[in-house]
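*Asks:* Enclosed is the structure file model.csv (CSV, C-alpha atoms).
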```csv
chain,number,residue,atom,x,y,z
G,1392,GLN,CA,0.0,0.0,0.0
G,1393,VAL,CA,0.9,3.6,-0.4
G,1394,GLN,CA,-0.4,6.6,1.5
G,1395,LEU,CA,-0.7,10.0,-0.3
G,1396,VAL,CA,-0.9,13.4,1.2
G,1397,GLU,CA,-1.6,16.5,-0.9
G,1398,SER,CA,-0.6,20.1,-0.1
G,1399,GLY,CA,-0.2,23.4,-1.9
G,1400,GLY,CA,-3.8,24.3,-2.6
G,1401,GLY,CA,-5.2,27.8,-1.9
G,1402,SER,CA,-6.9,30.8,-3.4
G,1403,VAL,CA,-5.5,32.7,-6.4
G,1404,GLN,CA,-6.8,35.2,-9.0
G,1405,ALA,CA,-7.4,34.2,-12.6
G,1406,GLY,CA,-4.1,34.2,-14.5
G,1407,GLY,CA,-2.1,33.2,-11.4
G,1408,SER,CA,-0.2,30.0,-10.5
G,1409,LEU,CA,-0.2,27.3,-7.9
G,1410,ARG,CA,2.0,24.3,-7.3
G,1411,LEU,CA,0.4,21.2,-5.8
G,1412,SER,CA,2.5,18.5,-4.1
G,1413,CYS,CA,1.6,14.9,-3.2
G,1414,ALA,CA,3.9,13.1,-0.7
G,1415,ALA,CA,4.0,9.3,-1.1
G,1416,SER,CA,4.7,7.1,1.8
G,1417,ARG,CA,6.9,4.7,-0.2
G,1418,TYR,CA,9.2,4.6,-3.2
G,1419,ILE,CA,7.3,5.3,-6.3
G,1420,TYR,CA,9.8,5.4,-9.2
G,1421,ARG,CA,9.5,2.5,-11.6
G,1422,HIS,CA,6.7,1.1,-9.6
G,1423,TYR,CA,3.6,3.4,-9.4
G,1424,CYS,CA,1.9,5.3,-12.1
G,1425,MET,CA,0.5,8.6,-10.6
G,1426,GLY,CA,-2.3,11.0,-11.5
G,1427,TRP,CA,-4.0,14.2,-10.5
G,1428,PHE,CA,-7.8,14.5,-10.5
G,1429,ARG,CA,-10.2,17.2,-9.6
G,1430,GLN,CA,-13.8,17.4,-8.5
G,1431,ALA,CA,-16.0,20.5,-8.4
G,1432,PRO,CA,-19.2,20.6,-6.4
G,1433,GLY,CA,-21.9,18.7,-8.3
G,1434,ASN,CA,-19.5,17.4,-10.9
G,1435,GLU,CA,-17.8,14.0,-11.4
G,1436,ARG,CA,-14.2,13.5,-10.5
G,1437,GLU,CA,-12.2,14.1,-13.6
G,1438,GLY,CA,-8.7,13.2,-14.6
G,1439,VAL,CA,-6.3,16.2,-15.1
G,1440,ALA,CA,-2.9,14.7,-15.6
G,1441,GLY,CA,-1.1,11.4,-15.3
G,1442,ILE,CA,2.5,10.2,-15.3
G,1443,HIS,CA,4.0,6.8,-16.0
G,1444,SER,CA,6.3,5.1,-13.6
G,1445,ASP,CA,9.1,5.8,-16.0
G,1446,GLY,CA,8.9,9.3,-14.7
G,1447,TRP,CA,8.7,11.1,-18.0
G,1448,THR,CA,5.7,9.9,-20.0
G,1449,THR,CA,2.8,12.2,-19.3
G,1450,TYR,CA,-0.8,12.6,-20.1
G,1451,TYR,CA,-3.1,15.6,-19.9
G,1452,ALA,CA,-6.7,16.5,-20.2
G,1453,ASP,CA,-7.4,18.8,-23.1
G,1454,SER,CA,-8.7,21.5,-20.7
G,1455,VAL,CA,-5.3,21.9,-19.0
G,1456,LYS,CA,-2.8,21.2,-21.8
G,1457,GLY,CA,-0.2,23.9,-22.1
G,1458,ARG,CA,-1.1,25.3,-18.6
G,1459,PHE,CA,-0.5,22.4,-16.2
G,1460,THR,CA,2.7,20.3,-15.8
G,1461,ILE,CA,2.9,17.0,-13.9
G,1462,SER,CA,6.2,15.8,-12.6
G,1463,VAL,CA,7.8,13.4,-10.1
G,1464,ASP,CA,10.7,14.1,-7.7
G,1465,ASN,CA,11.9,10.5,-7.3
G,1466,ALA,CA,14.4,11.4,-4.6
G,1467,LYS,CA,11.6,12.8,-2.5
G,1468,ASN,CA,8.8,10.4,-3.5
G,1469,THR,CA,6.8,13.5,-4.4
G,1470,LEU,CA,4.4,14.1,-7.2
G,1471,THR,CA,3.8,17.7,-8.3
G,1472,LEU,CA,1.3,19.6,-10.4
G,1473,GLN,CA,2.4,23.1,-11.6
G,1474,MET,CA,-0.6,25.0,-12.6
G,1475,ASN,CA,-0.2,28.2,-14.6
G,1476,SER,CA,-2.7,30.6,-16.2
G,1477,LEU,CA,-5.4,29.5,-13.8
G,1478,LYS,CA,-9.0,30.0,-14.7
G,1479,PRO,CA,-12.1,30.2,-12.5
G,1480,GLU,CA,-13.2,26.9,-14.0
G,1481,ASP,CA,-10.1,25.2,-12.5
G,1482,THR,CA,-11.7,25.7,-9.1
G,1483,ALA,CA,-12.1,22.3,-7.5
G,1484,MET,CA,-10.8,19.9,-4.9
G,1485,TYR,CA,-7.7,18.3,-6.3
G,1486,TYR,CA,-6.7,14.7,-5.6
G,1487,CYS,CA,-3.5,12.7,-6.0
G,1488,ALA,CA,-3.8,9.1,-7.0
G,1489,ALA,CA,-1.6,6.1,-7.5
G,1490,VAL,CA,-1.7,2.6,-9.0
G,1491,VAL,CA,0.9,-0.1,-9.4
G,1492,CYS,CA,1.8,0.5,-13.0
G,1493,GLY,CA,0.9,-2.1,-15.6
G,1494,SER,CA,0.4,-2.5,-19.4
G,1495,GLY,CA,-2.1,-0.3,-21.0
G,1496,TYR,CA,-1.8,2.5,-18.5
G,1497,GLY,CA,-1.5,5.2,-21.2
G,1498,SER,CA,-4.9,4.5,-22.6
G,1499,ARG,CA,-6.6,4.9,-19.2
G,1500,ALA,CA,-4.3,7.4,-17.4
G,1501,LEU,CA,-7.1,9.9,-16.8
G,1502,GLU,CA,-9.8,7.4,-15.8
G,1503,ARG,CA,-10.8,7.3,-12.1
G,1504,ALA,CA,-11.2,3.6,-12.1
G,1505,THR,CA,-7.5,3.1,-13.0
G,1506,TYR,CA,-6.3,4.1,-9.6
G,1507,ASN,CA,-6.7,2.4,-6.3
G,1508,TYR,CA,-4.8,4.7,-3.9
G,1509,TRP,CA,-6.1,8.2,-3.2
G,1510,GLY,CA,-5.2,11.2,-1.1
G,1511,GLN,CA,-7.6,13.4,0.9
G,1512,GLY,CA,-7.5,16.3,-1.5
G,1513,THR,CA,-6.5,19.9,-1.5
G,1514,GLN,CA,-8.8,22.8,-2.4
G,1515,VAL,CA,-8.0,25.2,-5.3
G,1516,THR,CA,-10.1,28.3,-5.7
G,1517,VAL,CA,-9.6,30.7,-8.6
G,1518,SER,CA,-11.4,34.0,-8.6
G,1519,SER,CA,-12.1,36.2,-11.6
```
In structure tokens, what does this structure look like?
*Replies:*
Amino acid sequence: QVQLVESGGGSVQAGGSLRLSCAASRYIYRHYCMGWFRQAPGNEREGVAGIHSDGWTTYYADSVKGRFTISVDNAKNTLTLQMNSLKPEDTAMYYCAAVVCGSGYGSRALERATYNYWGQGTQVTVSS
């Protein structure tokens, strides 16, 4: 098992930036595929970004491409999400997720059902 703890959420004006972090309780490099999801009130939880256990193959939702960057600091067992050019529609609870990486991950990197370990979430609020 792996425990995940998110941090870095907050309030920011449109056009601003935030950096989310997710600390994993165990070594993730070459073992876990990781993802970021978000859920706004009344909405389904949606995939934002994913990263393969190789540490460099990434996947993004169309709505965040070019604005968000997912990365892994393997030395610190930490997943990050750099969010730039934030919009009010990015407002949501953001969750970190992990799964023991297997074949076919790329085709389902942004699907909620792919992951079986989840953090508690961190709130991001973007005002106009």
*Asks:* Which residue out of G:Val1439, G:Ala1488, G:Leu1470, G:Cys1413 has the minimum interatomic distance to G:Val1455 when all atoms listed in the file are used?
*Replies:*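 Result for the nearest residue to G:Val1455: G:Val1439.
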*Asks:* Compile the contact shell of stretch 1492-1507 of chain G as a tab-separated table (two decimals) with C-alpha atoms, in the frame of the given file: residues with an atom at most 9 Å away, counting only C-alpha atoms, same-chain residues fewer than 5 positions apart removed.
*Replies:*
```
chain	number	residue	atom	x	y	z
G	1421	ARG	CA	9.50	2.50	-11.60
G	1422	HIS	CA	6.70	1.10	-9.60
G	1423	TYR	CA	3.60	3.40	-9.40
G	1424	CYS	CA	1.90	5.30	-12.10
G	1425	MET	CA	0.50	8.60	-10.60
G	1426	GLY	CA	-2.30	11.00	-11.50
G	1427	TRP	CA	-4.00	14.20	-10.50
G	1428	PHE	CA	-7.80	14.50	-10.50
G	1436	ARG	CA	-14.20	13.50	-10.50
G	1437	GLU	CA	-12.20	14.10	-13.60
G	1438	GLY	CA	-8.70	13.20	-14.60
G	1439	VAL	CA	-6.30	16.20	-15.10
G	1440	ALA	CA	-2.90	14.70	-15.60
G	1441	GLY	CA	-1.10	11.40	-15.30
G	1442	ILE	CA	2.50	10.20	-15.30
G	1443	HIS	CA	4.00	6.80	-16.00
G	1444	SER	CA	6.30	5.10	-13.60
G	1448	THR	CA	5.70	9.90	-20.00
G	1449	THR	CA	2.80	12.20	-19.30
G	1450	TYR	CA	-0.80	12.60	-20.10
G	1451	TYR	CA	-3.10	15.60	-19.90
G	1452	ALA	CA	-6.70	16.50	-20.20
```
*Asks:* (2.0, 15.0, -1.1) in this file's frame - what residues fall within 12 Å of it? Use all atoms listed in the file and give the answer as a ChimeraX atom specification.
*Replies:* /G:1393-1400,1410-1417,1425-1427,1463-1464,1467-1472,1485-1489,1509-1513
*Asks:* What does the distance from atom CA of G:Gly1407 to atom CA of G:Ser1518 come to in Å, to one decimal?
*Replies:*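 Separating atom CA of G:Gly1407 from atom CA of G:Ser1518 is a distance of 9.7 Å.
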*Asks:* With a distance cut-off of 7 Å and only C-alpha atoms, select the neighbouring residues of G:Leu1409, excluding the residue or stretch itself and same-chain residues fewer than 2 positions from it, and output the selection as JSON, numbers by chain.
*Replies:* {"G": [1411, 1473, 1474, 1475]}
*Asks:* Name all residues at most 10 Å from G:Ser1519 (count only C-alpha atoms; drop same-chain ones fewer than 3 positions away) and give them as a list in words.
*Replies:*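 Those residues are Val1403, Gln1404, Ala1405, Gly1406, Leu1477, Lys1478, Pro1479 and Glu1480 of chain G.
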*Asks:* Return the single residue from G:Thr1482, G:Val1490, G:Ile1419, G:Pro1432 that is closest to G:Val1517, with distances computed using all atoms listed in the file.
*Replies:*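 Looking at the shortest contact to G:Val1517, the residue is G:Thr1482.
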*Asks:* As an exercise, work out the distance from atom CA of G:Ser1402 to atom CA of G:Trp1447 in Å and give it to one decimal place.
*Replies:*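 Atom-to-atom, atom CA of G:Ser1402 to atom CA of G:Trp1447, that is 29.1 Å.
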